[in-house]
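Have a look at the structure below, then the notes.
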Amino acid sequence: MNRLNITKGDIVKMKTDAIVNAANTSLLGGGGVDGAIHKAAGAMLLEECKKFNGCPTGEARITSGYKLNAKYVIHTPGPIWRGGNKGEPELLANCYKNSLSLAYENGIRSIAFPSISTGVYRFPVDLASKIALNEISKFLSDHPDFEKIVIVCFDEITYKTYKNTLKAMEMK
């Protein structure tokens, strides 16, 4: 798994081909990661996002990175946690699958993800980390030419959870 890294930091500063925006369905910016990415990329990102007329939860759209270090931004609206019985795990898995598929189709070979839906959308971090790492592991196994995937955790609790989940997966 040397192509997968987990770090604590600011996704806006990542130097990968693409970064993933944990967007809302409007794609027009918001709080958290979404707001930080829009602010750092500049007004042209918002203009390009307007052309999509939104994006359903679990799907993904790609734009230029504008003023970011990353050449591209992949926007994916994660699910709001409503107890787990409204398809939230499947929708979150689709966020990762569709983002990685879109990246690969566009020649991207390095990408940084935030912990999608675990902030204001309240998806439990322990479950989210299992879903994310499972989808990422499958993708890396199927795409040996993909160079690097980084999960950028905003806080210490999320970072430790992802590290522990990865460690448990490697022991199986």
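Residue numbering restarts at 1 in every chain; chains get A, B, ... in the order shown in the structure tokens, and ligands count up from 1 in that same order.
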For this session: Find the residues around A:Phe139 up to 10 Å (only C-alpha atoms counted), leave out those fewer than 2 positions away in its own chain, and share them as a VMD selection string.
Result: chain A and resid 96 to 97 100 to 101 104 133 to 137 141 to 144 146
Problem set entry | Shell of 9 Å around A:Leu91, only C-alpha atoms, local chain residues under 3 positions omitted, as a PyMOL selection string | chain A and resi 57-59+78-79+87-88+94-95
Mind writing the picked residues with N, CA and C atoms as a tab-separated table (two decimals), in the first residue's frame?
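Output file out22.tsv follows:
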```
chain	number	residue	atom	x	y	z
A	57	THR	N	-25.78	13.45	-5.19
A	57	THR	CA	-24.97	12.81	-4.15
A	57	THR	C	-24.39	11.50	-4.69
A	58	GLY	N	-23.08	11.31	-4.47
A	58	GLY	CA	-22.40	10.09	-4.89
A	58	GLY	C	-21.79	10.16	-6.27
A	59	GLU	N	-22.20	11.13	-7.09
A	59	GLU	CA	-21.60	11.29	-8.41
A	59	GLU	C	-20.42	12.25	-8.32
A	78	GLY	N	-21.05	14.26	-0.88
A	78	GLY	CA	-21.22	13.10	-0.01
A	78	GLY	C	-22.59	13.09	0.63
A	79	PRO	N	-22.97	11.94	1.19
A	79	PRO	CA	-24.28	11.83	1.82
A	79	PRO	C	-24.31	12.45	3.22
A	87	GLY	N	-29.27	4.51	2.61
A	87	GLY	CA	-28.30	4.32	1.53
A	87	GLY	C	-27.01	5.10	1.70
A	88	GLU	N	-26.77	5.65	2.87
A	88	GLU	CA	-25.58	6.48	3.08
A	88	GLU	C	-24.26	5.74	2.79
A	94	ASN	N	-19.85	5.30	-3.52
A	94	ASN	CA	-19.93	5.85	-4.88
A	94	ASN	C	-19.13	7.13	-5.04
A	95	CYS	N	-19.05	7.95	-3.99
A	95	CYS	CA	-18.23	9.16	-4.06
A	95	CYS	C	-16.78	8.81	-4.41
```
Problem set entry | Spatial neighbours of A:Ala60, 9 Å, only C-alpha atoms, chain gap at least 6 places, as a PyMOL selection string | chain A and resi 74-77+94-96+98-99+102
Residues of stretch 48-150 of chain A in helix (DSSP H, G or I) according to DSSP, as a short mmCIF file (atom, residue, chain, number, x, y, z; two decimals) with all heavy atoms, in the first residue's frame?
```cif
data_model
loop_
_atom_site.label_atom_id
_atom_site.label_comp_id
_atom_site.auth_asym_id
_atom_site.auth_seq_id
_atom_site.Cartn_x
_atom_site.Cartn_y
_atom_site.Cartn_z
N GLU A 48 -17.01 27.90 -13.49
CA GLU A 48 -17.03 26.60 -14.17
C GLU A 48 -18.06 25.66 -13.53
O GLU A 48 -18.78 24.94 -14.22
CB GLU A 48 -15.64 25.95 -14.15
CG GLU A 48 -15.59 24.69 -14.99
CD GLU A 48 -14.20 24.10 -15.15
OE1 GLU A 48 -13.21 24.69 -14.68
OE2 GLU A 48 -14.12 23.01 -15.75
N CYS A 49 -18.16 25.68 -12.21
CA CYS A 49 -19.11 24.82 -11.50
C CYS A 49 -20.57 25.15 -11.86
O CYS A 49 -21.41 24.25 -11.90
CB CYS A 49 -18.92 24.93 -9.99
SG CYS A 49 -17.47 24.03 -9.39
N LYS A 50 -20.85 26.41 -12.12
CA LYS A 50 -22.22 26.81 -12.47
C LYS A 50 -22.71 26.09 -13.72
O LYS A 50 -23.90 25.82 -13.88
CB LYS A 50 -22.29 28.33 -12.70
CG LYS A 50 -22.25 29.14 -11.43
CD LYS A 50 -22.29 30.63 -11.74
CE LYS A 50 -22.22 31.46 -10.48
NZ LYS A 50 -22.19 32.91 -10.79
N GLU A 88 -26.77 5.65 2.87
CA GLU A 88 -25.58 6.48 3.08
C GLU A 88 -24.26 5.74 2.79
O GLU A 88 -23.39 6.29 2.12
CB GLU A 88 -25.53 7.08 4.49
CG GLU A 88 -26.68 7.97 4.84
CD GLU A 88 -27.77 7.24 5.63
OE1 GLU A 88 -28.19 6.13 5.22
OE2 GLU A 88 -28.22 7.80 6.64
N PRO A 89 -24.08 4.48 3.28
CA PRO A 89 -22.82 3.80 2.99
C PRO A 89 -22.58 3.60 1.50
O PRO A 89 -21.46 3.80 1.01
CB PRO A 89 -22.96 2.45 3.73
CG PRO A 89 -23.90 2.76 4.86
CD PRO A 89 -24.89 3.74 4.26
N GLU A 90 -23.62 3.22 0.76
CA GLU A 90 -23.48 3.01 -0.69
C GLU A 90 -23.18 4.33 -1.40
O GLU A 90 -22.36 4.37 -2.33
CB GLU A 90 -24.75 2.38 -1.26
CG GLU A 90 -25.05 1.00 -0.74
CD GLU A 90 -25.73 0.95 0.64
OE1 GLU A 90 -26.12 2.02 1.18
OE2 GLU A 90 -25.86 -0.16 1.18
N LEU A 91 -23.85 5.39 -0.98
CA LEU A 91 -23.60 6.70 -1.60
C LEU A 91 -22.17 7.17 -1.34
O LEU A 91 -21.51 7.70 -2.23
CB LEU A 91 -24.60 7.74 -1.08
CG LEU A 91 -26.03 7.57 -1.60
CD1 LEU A 91 -26.99 8.44 -0.79
CD2 LEU A 91 -26.11 7.92 -3.08
N LEU A 92 -21.67 6.94 -0.12
CA LEU A 92 -20.29 7.33 0.17
C LEU A 92 -19.31 6.51 -0.65
O LEU A 92 -18.35 7.05 -1.21
CB LEU A 92 -19.99 7.20 1.67
CG LEU A 92 -18.61 7.70 2.08
CD1 LEU A 92 -18.44 9.19 1.78
CD2 LEU A 92 -18.36 7.43 3.56
N ALA A 93 -19.55 5.22 -0.75
CA ALA A 93 -18.68 4.37 -1.59
C ALA A 93 -18.68 4.89 -3.03
O ALA A 93 -17.63 4.96 -3.68
CB ALA A 93 -19.15 2.92 -1.55
N ASN A 94 -19.85 5.30 -3.52
CA ASN A 94 -19.93 5.85 -4.88
C ASN A 94 -19.13 7.13 -5.04
O ASN A 94 -18.57 7.39 -6.11
CB ASN A 94 -21.38 6.09 -5.28
CG ASN A 94 -22.11 4.80 -5.59
OD1 ASN A 94 -21.49 3.77 -5.85
ND2 ASN A 94 -23.43 4.84 -5.53
N CYS A 95 -19.05 7.95 -3.99
CA CYS A 95 -18.23 9.16 -4.06
C CYS A 95 -16.78 8.81 -4.41
O CYS A 95 -16.17 9.44 -5.28
CB CYS A 95 -18.25 9.91 -2.72
SG CYS A 95 -19.79 10.74 -2.31
N TYR A 96 -16.25 7.81 -3.73
CA TYR A 96 -14.87 7.39 -3.97
C TYR A 96 -14.73 6.70 -5.32
O TYR A 96 -13.83 7.02 -6.11
CB TYR A 96 -14.36 6.50 -2.82
CG TYR A 96 -14.15 7.30 -1.56
CD1 TYR A 96 -15.15 7.42 -0.61
CD2 TYR A 96 -12.95 7.98 -1.35
CE1 TYR A 96 -14.96 8.19 0.54
CE2 TYR A 96 -12.76 8.75 -0.21
CZ TYR A 96 -13.76 8.84 0.73
OH TYR A 96 -13.56 9.62 1.85
N LYS A 97 -15.62 5.76 -5.63
CA LYS A 97 -15.56 5.04 -6.92
C LYS A 97 -15.64 6.01 -8.09
O LYS A 97 -14.83 5.95 -9.02
CB LYS A 97 -16.73 4.06 -7.05
CG LYS A 97 -16.63 2.81 -6.27
CD LYS A 97 -17.85 1.93 -6.58
CE LYS A 97 -18.21 1.10 -5.38
NZ LYS A 97 -19.48 0.43 -5.49
N ASN A 98 -16.63 6.90 -8.07
CA ASN A 98 -16.84 7.82 -9.19
C ASN A 98 -15.73 8.85 -9.30
O ASN A 98 -15.33 9.21 -10.41
CB ASN A 98 -18.21 8.48 -9.09
CG ASN A 98 -19.33 7.49 -9.33
OD1 ASN A 98 -19.19 6.57 -10.13
ND2 ASN A 98 -20.45 7.66 -8.65
N SER A 99 -15.21 9.31 -8.18
CA SER A 99 -14.10 10.27 -8.22
C SER A 99 -12.85 9.62 -8.81
O SER A 99 -12.17 10.21 -9.66
CB SER A 99 -13.80 10.80 -6.81
OG SER A 99 -14.86 11.55 -6.32
N LEU A 100 -12.56 8.40 -8.38
CA LEU A 100 -11.37 7.70 -8.89
C LEU A 100 -11.53 7.34 -10.37
O LEU A 100 -10.58 7.46 -11.15
CB LEU A 100 -11.10 6.45 -8.05
CG LEU A 100 -10.56 6.76 -6.65
CD1 LEU A 100 -10.68 5.55 -5.74
CD2 LEU A 100 -9.13 7.27 -6.73
N SER A 101 -12.71 6.94 -10.76
CA SER A 101 -12.97 6.61 -12.16
C SER A 101 -12.79 7.84 -13.04
O SER A 101 -12.13 7.80 -14.09
CB SER A 101 -14.37 6.04 -12.30
OG SER A 101 -14.67 5.77 -13.63
N LEU A 102 -13.36 8.96 -12.60
CA LEU A 102 -13.24 10.21 -13.35
C LEU A 102 -11.78 10.67 -13.43
O LEU A 102 -11.32 11.13 -14.47
CB LEU A 102 -14.11 11.28 -12.68
CG LEU A 102 -14.35 12.58 -13.42
CD1 LEU A 102 -14.97 12.35 -14.79
CD2 LEU A 102 -15.25 13.49 -12.58
N ALA A 103 -11.06 10.51 -12.34
CA ALA A 103 -9.64 10.87 -12.33
C ALA A 103 -8.88 10.03 -13.36
O ALA A 103 -8.14 10.57 -14.20
CB ALA A 103 -9.04 10.64 -10.94
N TYR A 104 -9.09 8.73 -13.32
CA TYR A 104 -8.38 7.84 -14.22
C TYR A 104 -8.69 8.14 -15.68
O TYR A 104 -7.79 8.20 -16.52
CB TYR A 104 -8.70 6.38 -13.89
CG TYR A 104 -7.71 5.43 -14.47
CD1 TYR A 104 -6.46 5.27 -13.87
CD2 TYR A 104 -7.99 4.71 -15.62
CE1 TYR A 104 -5.53 4.40 -14.42
CE2 TYR A 104 -7.07 3.85 -16.17
CZ TYR A 104 -5.84 3.70 -15.56
OH TYR A 104 -4.91 2.85 -16.11
N GLU A 105 -9.97 8.39 -15.98
CA GLU A 105 -10.39 8.71 -17.34
C GLU A 105 -9.74 9.99 -17.86
O GLU A 105 -9.61 10.17 -19.07
CB GLU A 105 -11.91 8.90 -17.40
CG GLU A 105 -12.71 7.64 -17.22
CD GLU A 105 -14.19 7.93 -16.95
OE1 GLU A 105 -14.65 9.08 -17.13
OE2 GLU A 105 -14.88 6.98 -16.55
N VAL A 125 -16.93 8.66 11.47
CA VAL A 125 -15.58 8.56 10.90
C VAL A 125 -15.11 7.11 10.81
O VAL A 125 -14.48 6.73 9.83
CB VAL A 125 -14.57 9.42 11.69
CG1 VAL A 125 -13.16 9.27 11.13
CG2 VAL A 125 -14.97 10.88 11.67
N ASP A 126 -15.42 6.29 11.81
CA ASP A 126 -14.94 4.92 11.76
C ASP A 126 -15.53 4.17 10.56
O ASP A 126 -14.81 3.48 9.84
CB ASP A 126 -15.22 4.18 13.08
CG ASP A 126 -16.68 4.18 13.48
OD1 ASP A 126 -17.44 5.06 13.03
OD2 ASP A 126 -17.08 3.28 14.26
N LEU A 127 -16.81 4.33 10.31
CA LEU A 127 -17.45 3.69 9.16
C LEU A 127 -16.97 4.33 7.85
O LEU A 127 -16.66 3.62 6.88
CB LEU A 127 -18.97 3.78 9.26
CG LEU A 127 -19.78 3.17 8.11
CD1 LEU A 127 -19.42 1.70 7.87
CD2 LEU A 127 -21.27 3.33 8.37
N ALA A 128 -16.87 5.64 7.81
CA ALA A 128 -16.41 6.34 6.60
C ALA A 128 -15.00 5.91 6.21
O ALA A 128 -14.71 5.72 5.02
CB ALA A 128 -16.46 7.85 6.81
N SER A 129 -14.13 5.74 7.20
CA SER A 129 -12.74 5.34 6.90
C SER A 129 -12.71 3.93 6.29
O SER A 129 -11.94 3.67 5.36
CB SER A 129 -11.86 5.41 8.14
OG SER A 129 -12.23 4.45 9.11
N LYS A 130 -13.55 3.03 6.79
CA LYS A 130 -13.60 1.67 6.23
C LYS A 130 -14.08 1.69 4.78
O LYS A 130 -13.52 1.02 3.92
CB LYS A 130 -14.52 0.78 7.08
CG LYS A 130 -13.93 0.46 8.44
CD LYS A 130 -14.92 -0.28 9.31
CE LYS A 130 -14.32 -0.44 10.70
NZ LYS A 130 -15.33 -0.56 11.73
N ILE A 131 -15.11 2.47 4.53
CA ILE A 131 -15.66 2.57 3.18
C ILE A 131 -14.62 3.18 2.23
O ILE A 131 -14.35 2.65 1.15
CB ILE A 131 -16.96 3.39 3.19
CG1 ILE A 131 -18.06 2.63 3.92
CG2 ILE A 131 -17.39 3.75 1.76
CD1 ILE A 131 -19.30 3.45 4.26
N ALA A 132 -14.03 4.29 2.65
CA ALA A 132 -13.04 4.99 1.81
C ALA A 132 -11.86 4.09 1.50
O ALA A 132 -11.46 3.93 0.33
CB ALA A 132 -12.58 6.26 2.50
N LEU A 133 -11.28 3.49 2.53
CA LEU A 133 -10.08 2.67 2.33
C LEU A 133 -10.38 1.40 1.55
O LEU A 133 -9.54 0.94 0.77
CB LEU A 133 -9.43 2.37 3.68
CG LEU A 133 -8.80 3.60 4.35
CD1 LEU A 133 -8.40 3.29 5.78
CD2 LEU A 133 -7.62 4.12 3.55
N ASN A 134 -11.57 0.86 1.70
CA ASN A 134 -11.95 -0.30 0.91
C ASN A 134 -12.04 0.05 -0.58
O ASN A 134 -11.49 -0.67 -1.43
CB ASN A 134 -13.29 -0.86 1.42
CG ASN A 134 -13.67 -2.14 0.71
OD1 ASN A 134 -12.87 -3.06 0.60
ND2 ASN A 134 -14.90 -2.21 0.25
N GLU A 135 -12.70 1.15 -0.89
CA GLU A 135 -12.82 1.56 -2.30
C GLU A 135 -11.46 1.93 -2.90
O GLU A 135 -11.16 1.59 -4.04
CB GLU A 135 -13.81 2.72 -2.44
CG GLU A 135 -15.23 2.35 -2.11
CD GLU A 135 -15.78 1.18 -2.91
OE1 GLU A 135 -15.40 1.01 -4.09
OE2 GLU A 135 -16.58 0.42 -2.35
N ILE A 136 -10.66 2.64 -2.13
CA ILE A 136 -9.33 3.04 -2.61
C ILE A 136 -8.45 1.81 -2.83
O ILE A 136 -7.75 1.71 -3.85
CB ILE A 136 -8.69 4.04 -1.63
CG1 ILE A 136 -9.42 5.39 -1.73
CG2 ILE A 136 -7.20 4.20 -1.89
CD1 ILE A 136 -9.09 6.37 -0.61
N SER A 137 -8.50 0.85 -1.91
CA SER A 137 -7.70 -0.37 -2.06
C SER A 137 -8.08 -1.15 -3.31
O SER A 137 -7.21 -1.62 -4.04
CB SER A 137 -7.87 -1.27 -0.83
OG SER A 137 -7.37 -0.63 0.31
N LYS A 138 -9.39 -1.29 -3.55
CA LYS A 138 -9.86 -1.98 -4.76
C LYS A 138 -9.35 -1.27 -6.01
O LYS A 138 -8.88 -1.91 -6.95
CB LYS A 138 -11.39 -2.02 -4.79
CG LYS A 138 -12.01 -3.07 -3.92
CD LYS A 138 -13.49 -3.22 -4.26
CE LYS A 138 -14.34 -2.71 -3.14
NZ LYS A 138 -15.76 -2.79 -3.38
N PHE A 139 -9.46 0.06 -6.00
CA PHE A 139 -9.03 0.84 -7.17
C PHE A 139 -7.52 0.66 -7.42
O PHE A 139 -7.11 0.42 -8.56
CB PHE A 139 -9.35 2.33 -6.97
CG PHE A 139 -8.88 3.19 -8.08
CD1 PHE A 139 -9.64 3.33 -9.24
CD2 PHE A 139 -7.67 3.86 -8.01
CE1 PHE A 139 -9.20 4.12 -10.30
CE2 PHE A 139 -7.22 4.65 -9.06
CZ PHE A 139 -7.99 4.78 -10.20
N LEU A 140 -6.72 0.78 -6.37
CA LEU A 140 -5.27 0.63 -6.54
C LEU A 140 -4.90 -0.77 -7.02
O LEU A 140 -3.99 -0.93 -7.83
CB LEU A 140 -4.54 0.97 -5.24
CG LEU A 140 -4.51 2.47 -4.88
CD1 LEU A 140 -3.93 2.67 -3.49
CD2 LEU A 140 -3.74 3.27 -5.92
N SER A 141 -5.62 -1.76 -6.55
CA SER A 141 -5.37 -3.14 -6.99
C SER A 141 -5.67 -3.30 -8.47
O SER A 141 -4.94 -4.00 -9.19
CB SER A 141 -6.24 -4.08 -6.16
OG SER A 141 -6.07 -5.40 -6.57
N ASP A 142 -6.72 -2.65 -8.94
CA ASP A 142 -7.12 -2.75 -10.35
C ASP A 142 -6.35 -1.81 -11.28
O ASP A 142 -6.44 -1.94 -12.49
CB ASP A 142 -8.62 -2.43 -10.49
CG ASP A 142 -9.51 -3.47 -9.85
OD1 ASP A 142 -9.03 -4.60 -9.59
OD2 ASP A 142 -10.69 -3.16 -9.60
#
```
For this session: Please run DSSP on the backbone and report, as a count of residues only, all residues within stretch 20-155 of chain A that come out as strand (DSSP E or B).
Result: 24
Problem set entry | Selection: 9 Å around A:Phe123, only C-alpha atoms, excl. self and same-chain fewer than 6 positions, as a list of chain:residue names |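 Contacts, with the query itself left out: A:Pro79, A:Ile80, A:Trp81, A:Arg82, A:Gly83, A:Gly84, A:Glu88, A:Ile116, A:Ser117.
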Problem set entry | Contacts of A:Cys153 within 7 Å, only C-alpha atoms, excl. fewer than 5 positions in-chain, as a list of chain:residue names |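 So, after excluding close chain neighbours, the residues are A:Thr7, A:Lys8, A:Gly9, A:Pro114, A:Ser115, A:Thr158, A:Tyr159.
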Seminar exercise, completed: Closest of A:Ile37, A:Leu28, A:Thr63, A:Ile6 to A:Asn106, counting only C-alpha atoms, is A:Thr63
For this session: Quick one: pull the distance between atom CA of A:Met14 and atom CA of A:Gly119, Å, one decimal.
Result: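 Those two atoms sit 19.5 Å apart.
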Exercise. For A:Leu27, which residue among A:Lys86, A:Lys51, A:Lys71, A:Arg122 is the nearest when counting only C-alpha atoms?
Worked result: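 That would be A:Lys51, the residue with the smallest distance to A:Leu27.
A straight line drawn from atom CA of A:Ile149 to atom CA of A:Leu4 is 4.9 Å long.
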Determine, for each residue of stretch 68-164 of chain A having at least one atom at most 7 Å from an atom of stretch 15-19 of chain A, the closest pair of atoms and their separation in Å to one decimal, counting only C-alpha atoms; order by chain and ascending number, as a Markdown table.
```
| residue | atom | partner | partner_atom | distance |
| --- | --- | --- | --- | --- |
| A:Asn69 | CA | A:Lys15 | CA | 5.3 |
| A:Ala70 | CA | A:Ala18 | CA | 4.9 |
| A:Lys71 | CA | A:Asp17 | CA | 5.4 |
| A:Tyr72 | CA | A:Ala18 | CA | 4.5 |
| A:Val73 | CA | A:Ile19 | CA | 5.1 |
| A:Ile74 | CA | A:Ile19 | CA | 6.3 |
| A:Ile108 | CA | A:Asp17 | CA | 5.8 |
| A:Arg109 | CA | A:Asp17 | CA | 6.7 |
| A:Ser110 | CA | A:Asp17 | CA | 5.2 |
| A:Ile111 | CA | A:Ala18 | CA | 4.8 |
| A:Ala112 | CA | A:Ile19 | CA | 4.7 |
| A:Phe113 | CA | A:Ile19 | CA | 6.1 |
```
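Proximity of A:Val12, A:Asn2, A:Tyr162, A:Pro56 to A:Ala36, computed with only C-alpha atoms, is greatest for A:Val12.
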Exercise. What's the 10 Å shell around A:Gly29, counting only C-alpha atoms, without same-chain residues fewer than 4 positions away, as a PyMOL selection string?
Worked result: chain A and resi 21-25+33-39+45-46+49
Based on the selection just made, write N, CA and C atoms of those residues as a PDB file, in the first residue's frame.
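Generated file (part-v4.pdb):
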```pdb
ATOM      1  N   ASN A  21     -13.032  17.595  -3.835  1.00  0.00           N
ATOM      2  CA  ASN A  21     -13.826  18.534  -3.055  1.00  0.00           C
ATOM      3  C   ASN A  21     -15.044  17.799  -2.514  1.00  0.00           C
ATOM      4  N   ALA A  22     -15.171  17.778  -1.186  1.00  0.00           N
ATOM      5  CA  ALA A  22     -16.375  17.239  -0.552  1.00  0.00           C
ATOM      6  C   ALA A  22     -17.444  18.322  -0.696  1.00  0.00           C
ATOM      7  N   ALA A  23     -18.069  18.331  -1.843  1.00  0.00           N
ATOM      8  CA  ALA A  23     -18.966  19.411  -2.253  1.00  0.00           C
ATOM      9  C   ALA A  23     -20.388  19.195  -1.735  1.00  0.00           C
ATOM     10  N   ASN A  24     -21.208  20.210  -1.907  1.00  0.00           N
ATOM     11  CA  ASN A  24     -22.649  20.021  -1.728  1.00  0.00           C
ATOM     12  C   ASN A  24     -23.234  19.818  -3.135  1.00  0.00           C
ATOM     13  N   THR A  25     -24.486  19.465  -3.215  1.00  0.00           N
ATOM     14  CA  THR A  25     -25.066  19.120  -4.516  1.00  0.00           C
ATOM     15  C   THR A  25     -25.199  20.305  -5.477  1.00  0.00           C
ATOM     16  N   VAL A  33     -14.309  22.091   3.772  1.00  0.00           N
ATOM     17  CA  VAL A  33     -13.398  21.819   2.653  1.00  0.00           C
ATOM     18  C   VAL A  33     -13.878  22.534   1.390  1.00  0.00           C
ATOM     19  N   ASP A  34     -15.164  22.473   1.136  1.00  0.00           N
ATOM     20  CA  ASP A  34     -15.756  23.073  -0.066  1.00  0.00           C
ATOM     21  C   ASP A  34     -15.450  24.570  -0.130  1.00  0.00           C
ATOM     22  N   GLY A  35     -15.713  25.270   0.951  1.00  0.00           N
ATOM     23  CA  GLY A  35     -15.460  26.712   0.986  1.00  0.00           C
ATOM     24  C   GLY A  35     -13.986  27.039   0.847  1.00  0.00           C
ATOM     25  N   ALA A  36     -13.140  26.248   1.503  1.00  0.00           N
ATOM     26  CA  ALA A  36     -11.692  26.483   1.435  1.00  0.00           C
ATOM     27  C   ALA A  36     -11.160  26.289   0.012  1.00  0.00           C
ATOM     28  N   ILE A  37     -11.654  25.257  -0.672  1.00  0.00           N
ATOM     29  CA  ILE A  37     -11.205  24.998  -2.046  1.00  0.00           C
ATOM     30  C   ILE A  37     -11.670  26.115  -2.975  1.00  0.00           C
ATOM     31  N   HIS A  38     -12.917  26.514  -2.862  1.00  0.00           N
ATOM     32  CA  HIS A  38     -13.426  27.598  -3.713  1.00  0.00           C
ATOM     33  C   HIS A  38     -12.652  28.895  -3.465  1.00  0.00           C
ATOM     34  N   LYS A  39     -12.382  29.200  -2.218  1.00  0.00           N
ATOM     35  CA  LYS A  39     -11.658  30.425  -1.881  1.00  0.00           C
ATOM     36  C   LYS A  39     -10.233  30.399  -2.458  1.00  0.00           C
ATOM     37  N   LEU A  45     -13.362  29.071 -10.556  1.00  0.00           N
ATOM     38  CA  LEU A  45     -13.872  27.757 -10.183  1.00  0.00           C
ATOM     39  C   LEU A  45     -15.398  27.791 -10.055  1.00  0.00           C
ATOM     40  N   LEU A  46     -15.905  28.802  -9.395  1.00  0.00           N
ATOM     41  CA  LEU A  46     -17.352  28.948  -9.255  1.00  0.00           C
ATOM     42  C   LEU A  46     -18.015  29.078 -10.622  1.00  0.00           C
ATOM     43  N   CYS A  49     -18.156  25.684 -12.207  1.00  0.00           N
ATOM     44  CA  CYS A  49     -19.115  24.820 -11.502  1.00  0.00           C
ATOM     45  C   CYS A  49     -20.566  25.152 -11.856  1.00  0.00           C
TER      46      CYS A  49
END
```
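Nearest residue to A:Lys163, choosing from A:Asn5, A:Pro124, A:Glu147, A:Gly30 and counting only C-alpha atoms: A:Asn5.
Here atom CA of A:Met44 and atom CA of A:Gly32 stand 19.1 Å from one another.
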